[in-house]
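Participant: Below is the file data.pdb, which contains PDB, C-alpha atoms.
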ATOM      1  CA  MET F   7     -34.145 140.695-124.906  1.00  0.00           C
ATOM      2  CA  LEU F   8     -33.122 144.362-125.005  1.00  0.00           C
ATOM      3  CA  ASP F   9     -36.619 145.367-126.107  1.00  0.00           C
ATOM      4  CA  ASP F  10     -38.040 143.423-123.169  1.00  0.00           C
ATOM      5  CA  ASN F  11     -35.782 145.376-120.809  1.00  0.00           C
ATOM      6  CA  TYR F  12     -37.186 148.636-122.127  1.00  0.00           C
ATOM      7  CA  LEU F  13     -40.710 147.324-121.595  1.00  0.00           C
ATOM      8  CA  VAL F  14     -39.918 146.234-118.042  1.00  0.00           C
ATOM      9  CA  VAL F  15     -38.375 149.600-117.143  1.00  0.00           C
ATOM     10  CA  SER F  16     -41.219 151.653-118.634  1.00  0.00           C
ATOM     11  CA  HIS F  17     -43.867 149.447-117.027  1.00  0.00           C
ATOM     12  CA  THR F  18     -42.098 149.729-113.683  1.00  0.00           C
ATOM     13  CA  ALA F  19     -41.988 153.530-113.909  1.00  0.00           C
ATOM     14  CA  ILE F  20     -45.686 153.755-114.771  1.00  0.00           C
ATOM     15  CA  ASN F  21     -46.728 151.430-111.952  1.00  0.00           C
ATOM     16  CA  THR F  22     -44.585 153.289-109.439  1.00  0.00           C
ATOM     17  CA  THR F  23     -46.162 156.618-110.397  1.00  0.00           C
ATOM     18  CA  LEU F  24     -49.713 155.253-110.385  1.00  0.00           C
ATOM     19  CA  SER F  25     -49.349 153.665-106.956  1.00  0.00           C
ATOM     20  CA  ALA F  26     -47.858 156.824-105.444  1.00  0.00           C
ATOM     21  CA  ALA F  27     -50.661 158.952-106.901  1.00  0.00           C
ATOM     22  CA  ALA F  28     -53.330 156.515-105.689  1.00  0.00           C
ATOM     23  CA  GLY F  29     -51.888 156.494-102.170  1.00  0.00           C
ATOM     24  CA  CYS F  30     -51.791 160.293-102.139  1.00  0.00           C
ATOM     25  CA  VAL F  31     -55.394 160.680-103.318  1.00  0.00           C
ATOM     26  CA  MET F  32     -56.753 157.996-100.995  1.00  0.00           C
ATOM     27  CA  THR F  33     -55.051 159.490 -97.938  1.00  0.00           C
ATOM     28  CA  LEU F  34     -56.202 163.024 -98.757  1.00  0.00           C
ATOM     29  CA  PHE F  35     -59.765 161.786 -99.295  1.00  0.00           C
ATOM     30  CA  LEU F  36     -59.925 159.710 -96.103  1.00  0.00           C
ATOM     31  CA  SER F  37     -58.190 162.289 -93.899  1.00  0.00           C
ATOM     32  CA  THR F  38     -60.655 164.945 -95.066  1.00  0.00           C
ATOM     33  CA  ILE F  39     -63.621 162.685 -94.275  1.00  0.00           C
ATOM     34  CA  VAL F  40     -62.194 161.864 -90.840  1.00  0.00           C
ATOM     35  CA  GLY F  41     -61.585 165.555 -90.165  1.00  0.00           C
ATOM     36  CA  VAL F  42     -65.155 166.472 -91.112  1.00  0.00           C
ATOM     37  CA  HIS F  43     -66.506 163.681 -88.913  1.00  0.00           C
ATOM     38  CA  PHE F  44     -64.630 164.781 -85.791  1.00  0.00           C
ATOM     39  CA  THR F  45     -64.437 168.570 -86.242  1.00  0.00           C
ATOM     40  CA  GLY F  46     -67.272 169.412 -88.618  1.00  0.00           C
ATOM     41  CA  GLU F  47     -64.864 171.441 -90.767  1.00  0.00           C
ATOM     42  CA  VAL F  48     -63.261 170.652 -94.118  1.00  0.00           C
ATOM     43  CA  THR F  49     -59.486 170.864 -93.763  1.00  0.00           C
ATOM     44  CA  PHE F  50     -56.718 169.617 -96.043  1.00  0.00           C
ATOM     45  CA  ASN F  51     -53.631 168.559 -94.082  1.00  0.00           C
ATOM     46  CA  LEU F  52     -50.827 168.121 -96.613  1.00  0.00           C
ATOM     47  CA  GLN F  53     -48.856 165.896 -94.241  1.00  0.00           C
ATOM     48  CA  TYR F  54     -51.258 163.045 -94.879  1.00  0.00           C
ATOM     49  CA  PRO F  55     -51.229 163.020 -98.703  1.00  0.00           C
ATOM     50  CA  MET F  56     -47.453 163.420 -98.760  1.00  0.00           C
ATOM     51  CA  ASN F  57     -46.996 160.409 -96.501  1.00  0.00           C
ATOM     52  CA  GLY F  58     -49.716 158.639 -98.479  1.00  0.00           C
ATOM     53  CA  CYS F  59     -47.631 159.181-101.594  1.00  0.00           C
ATOM     54  CA  LEU F  60     -44.620 157.672 -99.824  1.00  0.00           C
ATOM     55  CA  SER F  61     -46.783 154.766 -98.684  1.00  0.00           C
ATOM     56  CA  GLY F  62     -47.780 154.082-102.280  1.00  0.00           C
ATOM     57  CA  LEU F  63     -44.126 154.125-103.328  1.00  0.00           C
ATOM     58  CA  VAL F  64     -43.180 151.711-100.551  1.00  0.00           C
ATOM     59  CA  ALA F  65     -46.059 149.359-101.286  1.00  0.00           C
ATOM     60  CA  ILE F  66     -45.395 149.088-105.033  1.00  0.00           C
ATOM     61  CA  THR F  67     -41.650 148.540-104.686  1.00  0.00           C
ATOM     62  CA  ALA F  68     -41.809 144.753-104.429  1.00  0.00           C
ATOM     63  CA  GLY F  69     -44.168 144.185-107.331  1.00  0.00           C
ATOM     64  CA  CYS F  70     -43.655 147.192-109.595  1.00  0.00           C
ATOM     65  CA  SER F  71     -42.442 145.057-112.527  1.00  0.00           C
ATOM     66  CA  VAL F  72     -44.794 142.070-112.220  1.00  0.00           C
ATOM     67  CA  VAL F  73     -48.253 143.576-111.605  1.00  0.00           C
ATOM     68  CA  GLU F  74     -50.641 145.226-114.043  1.00  0.00           C
ATOM     69  CA  SER F  75     -51.238 148.971-113.918  1.00  0.00           C
ATOM     70  CA  TRP F  76     -54.755 148.564-112.510  1.00  0.00           C
ATOM     71  CA  ALA F  77     -53.289 146.432-109.704  1.00  0.00           C
ATOM     72  CA  SER F  78     -50.727 149.132-108.902  1.00  0.00           C
ATOM     73  CA  ILE F  79     -53.604 151.567-108.392  1.00  0.00           C
ATOM     74  CA  VAL F  80     -55.327 149.099-106.064  1.00  0.00           C
ATOM     75  CA  ILE F  81     -52.070 148.587-104.160  1.00  0.00           C
ATOM     76  CA  GLY F  82     -51.673 152.354-103.815  1.00  0.00           C
ATOM     77  CA  LEU F  83     -55.244 152.875-102.632  1.00  0.00           C
ATOM     78  CA  VAL F  84     -54.896 150.184 -99.990  1.00  0.00           C
ATOM     79  CA  SER F  85     -51.534 151.595 -98.889  1.00  0.00           C
ATOM     80  CA  GLY F  86     -53.073 155.032 -98.325  1.00  0.00           C
ATOM     81  CA  ALA F  87     -55.855 153.565 -96.203  1.00  0.00           C
ATOM     82  CA  LEU F  88     -53.393 151.436 -94.236  1.00  0.00           C
ATOM     83  CA  TYR F  89     -51.126 154.416 -93.601  1.00  0.00           C
ATOM     84  CA  LEU F  90     -53.876 156.656 -92.258  1.00  0.00           C
ATOM     85  CA  THR F  91     -55.414 153.915 -90.111  1.00  0.00           C
ATOM     86  CA  CYS F  92     -52.085 152.933 -88.559  1.00  0.00           C
ATOM     87  CA  SER F  93     -51.064 156.559 -88.025  1.00  0.00           C
ATOM     88  CA  LYS F  94     -54.273 157.282 -86.122  1.00  0.00           C
ATOM     89  CA  LEU F  95     -53.879 154.105 -84.060  1.00  0.00           C
ATOM     90  CA  LEU F  96     -50.323 155.051 -83.048  1.00  0.00           C
ATOM     91  CA  VAL F  97     -51.593 158.387 -81.730  1.00  0.00           C
ATOM     92  CA  GLN F  98     -54.443 156.670 -79.911  1.00  0.00           C
ATOM     93  CA  TRP F  99     -52.050 154.134 -78.361  1.00  0.00           C
ATOM     94  CA  LYS F 100     -49.586 156.958 -77.490  1.00  0.00           C
ATOM     95  CA  ILE F 101     -46.727 155.405 -79.446  1.00  0.00           C
ATOM     96  CA  ASP F 102     -44.208 158.081 -80.426  1.00  0.00           C
ATOM     97  CA  ASP F 103     -43.528 158.011 -84.164  1.00  0.00           C
ATOM     98  CA  ALA F 104     -42.939 161.614 -85.168  1.00  0.00           C
ATOM     99  CA  VAL F 105     -42.327 160.909 -88.874  1.00  0.00           C
ATOM    100  CA  ASP F 106     -44.860 158.056 -89.253  1.00  0.00           C
ATOM    101  CA  ALA F 107     -42.121 155.588 -90.176  1.00  0.00           C
ATOM    102  CA  ILE F 108     -44.107 152.604 -88.883  1.00  0.00           C
ATOM    103  CA  PRO F 109     -47.216 153.219 -91.029  1.00  0.00           C
ATOM    104  CA  VAL F 110     -45.268 154.262 -94.126  1.00  0.00           C
ATOM    105  CA  HIS F 111     -42.416 151.770 -94.162  1.00  0.00           C
ATOM    106  CA  MET F 112     -43.259 148.812 -91.953  1.00  0.00           C
ATOM    107  CA  ILE F 113     -46.990 148.394 -92.548  1.00  0.00           C
ATOM    108  CA  ASN F 114     -46.865 149.201 -96.245  1.00  0.00           C
ATOM    109  CA  GLY F 115     -43.642 147.276 -96.708  1.00  0.00           C
ATOM    110  CA  ILE F 116     -45.509 144.217 -95.447  1.00  0.00           C
ATOM    111  CA  TRP F 117     -48.526 144.986 -97.629  1.00  0.00           C
ATOM    112  CA  GLY F 118     -46.343 145.523-100.690  1.00  0.00           C
ATOM    113  CA  SER F 119     -44.580 142.208-100.183  1.00  0.00           C
ATOM    114  CA  LEU F 120     -47.868 140.344 -99.794  1.00  0.00           C
ATOM    115  CA  SER F 121     -49.382 142.085-102.811  1.00  0.00           C
ATOM    116  CA  VAL F 122     -46.842 140.368-105.061  1.00  0.00           C
ATOM    117  CA  GLY F 123     -48.253 137.028-103.971  1.00  0.00           C
ATOM    118  CA  LEU F 124     -51.727 138.257-104.930  1.00  0.00           C
ATOM    119  CA  PHE F 125     -51.307 140.299-108.132  1.00  0.00           C
ATOM    120  CA  ALA F 126     -48.191 138.979-109.963  1.00  0.00           C
ATOM    121  CA  THR F 127     -49.288 138.117-113.522  1.00  0.00           C
ATOM    122  CA  PRO F 128     -48.045 135.143-115.590  1.00  0.00           C
ATOM    123  CA  ASP F 129     -47.051 137.282-118.592  1.00  0.00           C
ATOM    124  CA  LEU F 130     -45.022 139.760-116.569  1.00  0.00           C
ATOM    125  CA  MET F 131     -43.399 137.017-114.490  1.00  0.00           C
ATOM    126  CA  ASP F 132     -42.296 135.404-117.756  1.00  0.00           C
ATOM    127  CA  ARG F 133     -40.961 138.690-119.080  1.00  0.00           C
ATOM    128  CA  VAL F 134     -39.037 139.631-115.927  1.00  0.00           C
ATOM    129  CA  TYR F 135     -38.007 136.274-114.436  1.00  0.00           C
ATOM    130  CA  GLU F 136     -38.533 133.951-117.418  1.00  0.00           C
ATOM    131  CA  THR F 137     -40.831 131.682-115.411  1.00  0.00           C
ATOM    132  CA  SER F 138     -44.490 131.705-114.483  1.00  0.00           C
ATOM    133  CA  ALA F 139     -44.713 128.432-112.615  1.00  0.00           C
ATOM    134  CA  HIS F 140     -45.963 130.274-109.550  1.00  0.00           C
ATOM    135  CA  VAL F 141     -47.921 133.500-109.944  1.00  0.00           C
ATOM    136  CA  GLY F 142     -50.201 135.698-107.885  1.00  0.00           C
ATOM    137  CA  TRP F 143     -52.921 133.870-106.017  1.00  0.00           C
ATOM    138  CA  PHE F 144     -55.728 135.647-107.871  1.00  0.00           C
ATOM    139  CA  TYR F 145     -54.245 134.537-111.201  1.00  0.00           C
ATOM    140  CA  SER F 146     -53.785 131.000-109.898  1.00  0.00           C
ATOM    141  CA  TRP F 147     -57.530 130.870-109.307  1.00  0.00           C
ATOM    142  CA  GLY F 148     -57.979 132.017-112.891  1.00  0.00           C
ATOM    143  CA  ARG F 149     -55.941 129.023-114.004  1.00  0.00           C
ATOM    144  CA  GLY F 150     -58.274 126.752-112.081  1.00  0.00           C
ATOM    145  CA  SER F 151     -55.694 126.181-109.359  1.00  0.00           C
ATOM    146  CA  ALA F 152     -55.362 127.280-105.751  1.00  0.00           C
ATOM    147  CA  ASP F 153     -51.562 127.426-105.924  1.00  0.00           C
ATOM    148  CA  ALA F 154     -50.430 129.968-103.320  1.00  0.00           C
ATOM    149  CA  THR F 155     -46.723 129.156-103.449  1.00  0.00           C
ATOM    150  CA  LEU F 156     -45.674 132.687-104.336  1.00  0.00           C
ATOM    151  CA  LEU F 157     -47.895 134.162-101.625  1.00  0.00           C
ATOM    152  CA  ALA F 158     -46.470 131.682 -99.101  1.00  0.00           C
ATOM    153  CA  CYS F 159     -42.934 132.680-100.094  1.00  0.00           C
ATOM    154  CA  GLN F 160     -43.787 136.337 -99.528  1.00  0.00           C
ATOM    155  CA  VAL F 161     -45.301 135.562 -96.110  1.00  0.00           C
ATOM    156  CA  ILE F 162     -42.194 133.601 -95.114  1.00  0.00           C
ATOM    157  CA  GLY F 163     -39.988 136.465 -96.265  1.00  0.00           C
ATOM    158  CA  VAL F 164     -41.960 138.983 -94.207  1.00  0.00           C
ATOM    159  CA  LEU F 165     -41.840 136.761 -91.116  1.00  0.00           C
ATOM    160  CA  PHE F 166     -38.095 136.216 -91.553  1.00  0.00           C
ATOM    161  CA  VAL F 167     -37.419 139.970 -91.741  1.00  0.00           C
ATOM    162  CA  ILE F 168     -39.600 140.604 -88.670  1.00  0.00           C
ATOM    163  CA  GLY F 169     -37.805 137.846 -86.745  1.00  0.00           C
ATOM    164  CA  TRP F 170     -34.370 139.113 -87.788  1.00  0.00           C
ATOM    165  CA  VAL F 171     -35.173 142.694 -86.762  1.00  0.00           C
ATOM    166  CA  VAL F 172     -36.623 141.614 -83.401  1.00  0.00           C
ATOM    167  CA  CYS F 173     -33.637 139.379 -82.610  1.00  0.00           C
ATOM    168  CA  MET F 174     -31.071 141.992 -83.634  1.00  0.00           C
ATOM    169  CA  MET F 175     -32.640 145.175 -82.314  1.00  0.00           C
ATOM    170  CA  THR F 176     -34.202 144.016 -79.027  1.00  0.00           C
ATOM    171  CA  PRO F 177     -30.790 143.533 -77.336  1.00  0.00           C
ATOM    172  CA  PHE F 178     -29.603 146.808 -78.875  1.00  0.00           C
ATOM    173  CA  PHE F 179     -32.467 148.910 -77.519  1.00  0.00           C
ATOM    174  CA  TRP F 180     -32.467 147.061 -74.190  1.00  0.00           C
ATOM    175  CA  SER F 181     -28.766 147.903 -73.801  1.00  0.00           C
ATOM    176  CA  MET F 182     -29.418 151.551 -74.623  1.00  0.00           C
ATOM    177  CA  HIS F 183     -32.252 151.640 -72.100  1.00  0.00           C
ATOM    178  CA  TYR F 184     -30.071 149.982 -69.450  1.00  0.00           C
ATOM    179  CA  CYS F 185     -27.280 152.517 -70.017  1.00  0.00           C
ATOM    180  CA  GLY F 186     -29.701 155.433 -69.983  1.00  0.00           C
ATOM    181  CA  PHE F 187     -29.129 156.387 -73.634  1.00  0.00           C
ATOM    182  CA  LEU F 188     -32.545 155.477 -75.024  1.00  0.00           C
ATOM    183  CA  ARG F 189     -34.183 158.837 -74.372  1.00  0.00           C
ATOM    184  CA  ALA F 190     -33.088 162.294 -73.354  1.00  0.00           C
ATOM    185  CA  ASP F 191     -33.448 163.766 -69.889  1.00  0.00           C
ATOM    186  CA  SER F 192     -36.464 166.052 -69.388  1.00  0.00           C
ATOM    187  CA  LEU F 193     -34.261 169.101 -68.807  1.00  0.00           C
ATOM    188  CA  GLU F 194     -32.243 168.316 -71.930  1.00  0.00           C
ATOM    189  CA  GLU F 195     -35.470 168.191 -73.936  1.00  0.00           C
ATOM    190  CA  ILE F 196     -36.354 171.685 -72.717  1.00  0.00           C
ATOM    191  CA  VAL F 197     -32.890 173.131 -73.409  1.00  0.00           C
ATOM    192  CA  GLY F 198     -32.767 171.488 -76.806  1.00  0.00           C
ATOM    193  CA  LEU F 199     -30.988 168.401 -78.096  1.00  0.00           C
ATOM    194  CA  ASP F 200     -28.998 170.442 -80.626  1.00  0.00           C
ATOM    195  CA  ILE F 201     -27.176 172.174 -77.789  1.00  0.00           C
ATOM    196  CA  VAL F 202     -26.882 169.202 -75.410  1.00  0.00           C
ATOM    197  CA  TYR F 203     -25.857 166.490 -77.864  1.00  0.00           C
ATOM    198  CA  HIS F 204     -24.385 168.355 -80.828  1.00  0.00           C
ATOM    199  CA  GLY F 205     -23.050 171.591 -79.367  1.00  0.00           C
ATOM    200  CA  GLY F 206     -25.096 173.578 -81.862  1.00  0.00           C
ATOM    201  CA  GLU F 207     -27.371 176.533 -81.538  1.00  0.00           C
ATOM    202  CA  PHE F 208     -31.026 176.877 -82.428  1.00  0.00           C
ATOM    203  CA  ARG F 209     -31.519 179.009 -85.492  1.00  0.00           C
ATOM    204  CA  LYS F 210     -34.750 180.639 -86.541  1.00  0.00           C
ATOM    205  CA  HIS F 211     -35.329 182.059 -89.990  1.00  0.00           C
ATOM    206  CA  ARG F 212     -37.099 185.386 -90.117  1.00  0.00           C
ATOM    207  CA  ARG F 213     -39.466 185.811 -93.043  1.00  0.00           C
ATOM    208  CA  GLY F 214     -38.679 188.701 -95.299  1.00  0.00           C
ATOM    209  CA  SER F 215     -38.829 189.820 -98.894  1.00  0.00           C
ATOM    210  CA  PHE F 216     -36.470 188.270-101.393  1.00  0.00           C
ATOM    211  CA  GLY F 217     -33.006 189.789-101.137  1.00  0.00           C
ATOM    212  CA  SER F 218     -33.710 191.710 -97.927  1.00  0.00           C
ATOM    213  CA  ASP F 219     -31.773 191.439 -94.668  1.00  0.00           C
ATOM    214  CA  GLU F 220     -34.871 190.217 -92.890  1.00  0.00           C
ATOM    215  CA  GLY F 221     -34.255 186.780 -94.386  1.00  0.00           C
ATOM    216  CA  GLU F 222     -31.030 186.283 -92.429  1.00  0.00           C
ATOM    217  CA  MET F 223     -30.623 183.736 -89.642  1.00  0.00           C
ATOM    218  CA  ASP F 224     -30.941 184.703 -85.989  1.00  0.00           C
ATOM    219  CA  GLU F 225     -28.936 182.790 -83.396  1.00  0.00           C
ATOM    220  CA  TYR F 226     -30.125 182.013 -79.856  1.00  0.00           C
TER     221      TYR F 226
END
Please render this file's structure as structure tokens.

Facilitator:
Amino acid sequence: MLDDNYLVVSHTAINTTLSAAAGCVMTLFLSTIVGVHFTGEVTFNLQYPMNGCLSGLVAITAGCSVVESWASIVIGLVSGALYLTCSKLLVQWKIDDAVDAIPVHMINGIWGSLSVGLFATPDLMDRVYETSAHVGWFYSWGRGSADATLLACQVIGVLFVIGWVVCMMTPFFWSMHYCGFLRADSLEEIVGLDIVYHGGEFRKHRRGSFGSDEGEMDEY
């Protein structure tokens, strides 16, 4: 049993790395193509591959121990495409998400959960959970069955989390909006939220050579 634990841990680490790398590469590739299409210039925006890497990590979390390595690459590639598509749609729809939390965590969290119901293998399910009665839908077809129990469980789990978040957070944000706390006043945005809300001061770092005084912080 101890040897199996080592196998599970090593397999999990490999899958996690592969999915993150696949998400990074896919996002860099697609963002470059989109940039060339709209601007005619080849540019490499590192924000996209970094968030693509995070998307791959999020997407593989649910199934990192029960999917094959090739499936982790597929999951990562899809996560990168989903991230970039959703990020562009949020900008188009003028939905403020400065750190792309919705594409990275929500969209790819959903995709990662569903991917378990598609790619979970019988052998790895046996090794990790000591049962393979219900496996990924693609492997169920390989058994000559259309059993989608695991996929259905993942869908129900996703819907439950969405319902719980909506029920809990809708009253919370409505209350904040009613009390005027949901967003800052326009003047406060200009002055700076550090000063208005936290009593702090804006600090700007001046670039200088290593060890020189030019690298000190200026206060405003």

Participant: Measuring atom to atom with only C-alpha atoms, identify which of F:His43, F:Val31, F:Val122, F:Tyr89 is nearest to Cys70 of chain F.

Facilitator: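 The shortest atom-to-atom distance to Cys70 of chain F comes from F:Val122.
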
Participant: Could you check the closest approach to Asp132 of chain F for each of F:Gln98, F:Ser71, F:Ser16, F:Thr155 and tell me which residue wins, using all atoms listed in the file?

Facilitator: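 Distance minimum relative to Asp132 of chain F lands on F:Ser71.
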
Participant: I'd like the neighbourhood of Gly69 of chain F as a ChimeraX atom specification, where a residue qualifies if any of its atoms comes within 12 Å (using all atoms listed in the file), though same-chain residues fewer than 5 positions away should be ignored.

Facilitator: /F:14,17-19,21-22,25,62-64,74-75,77-78,81-82,115-127,130-131,134,141-142,156,160

Participant: Report as number ranges by chain the full result of the PyMOL selection byres ((chain F and resi 33-38) around 12) when it is applied to this structure.

Facilitator: F: 26-32, 39-62, 82-94, 110

Participant: Could you tell me how far atom CA of Ala104 of chain F sits from atom CA of Asp191 of chain F, in Å to one decimal place?

Facilitator: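 It comes out at 18.1 Å.
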
Participant: Take atom CA of Ile101 of chain F and atom CA of Ile201 of chain F and report the distance between them in Å, one decimal.

Facilitator: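 Answer for the atom CA of Ile101 of chain F to atom CA of Ile201 of chain F separation: 25.8 Å.
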
Participant: Hey, can you check how far atom CA of Ala154 of chain F sits from atom CA of Phe166 of chain F?

Facilitator: 18.2 Å

Participant: Pick from F:Ser151, F:Tyr203, F:Asp129, F:Trp170: nearest to Arg189 of chain F, with only C-alpha atoms counted?

Facilitator: F:Tyr203
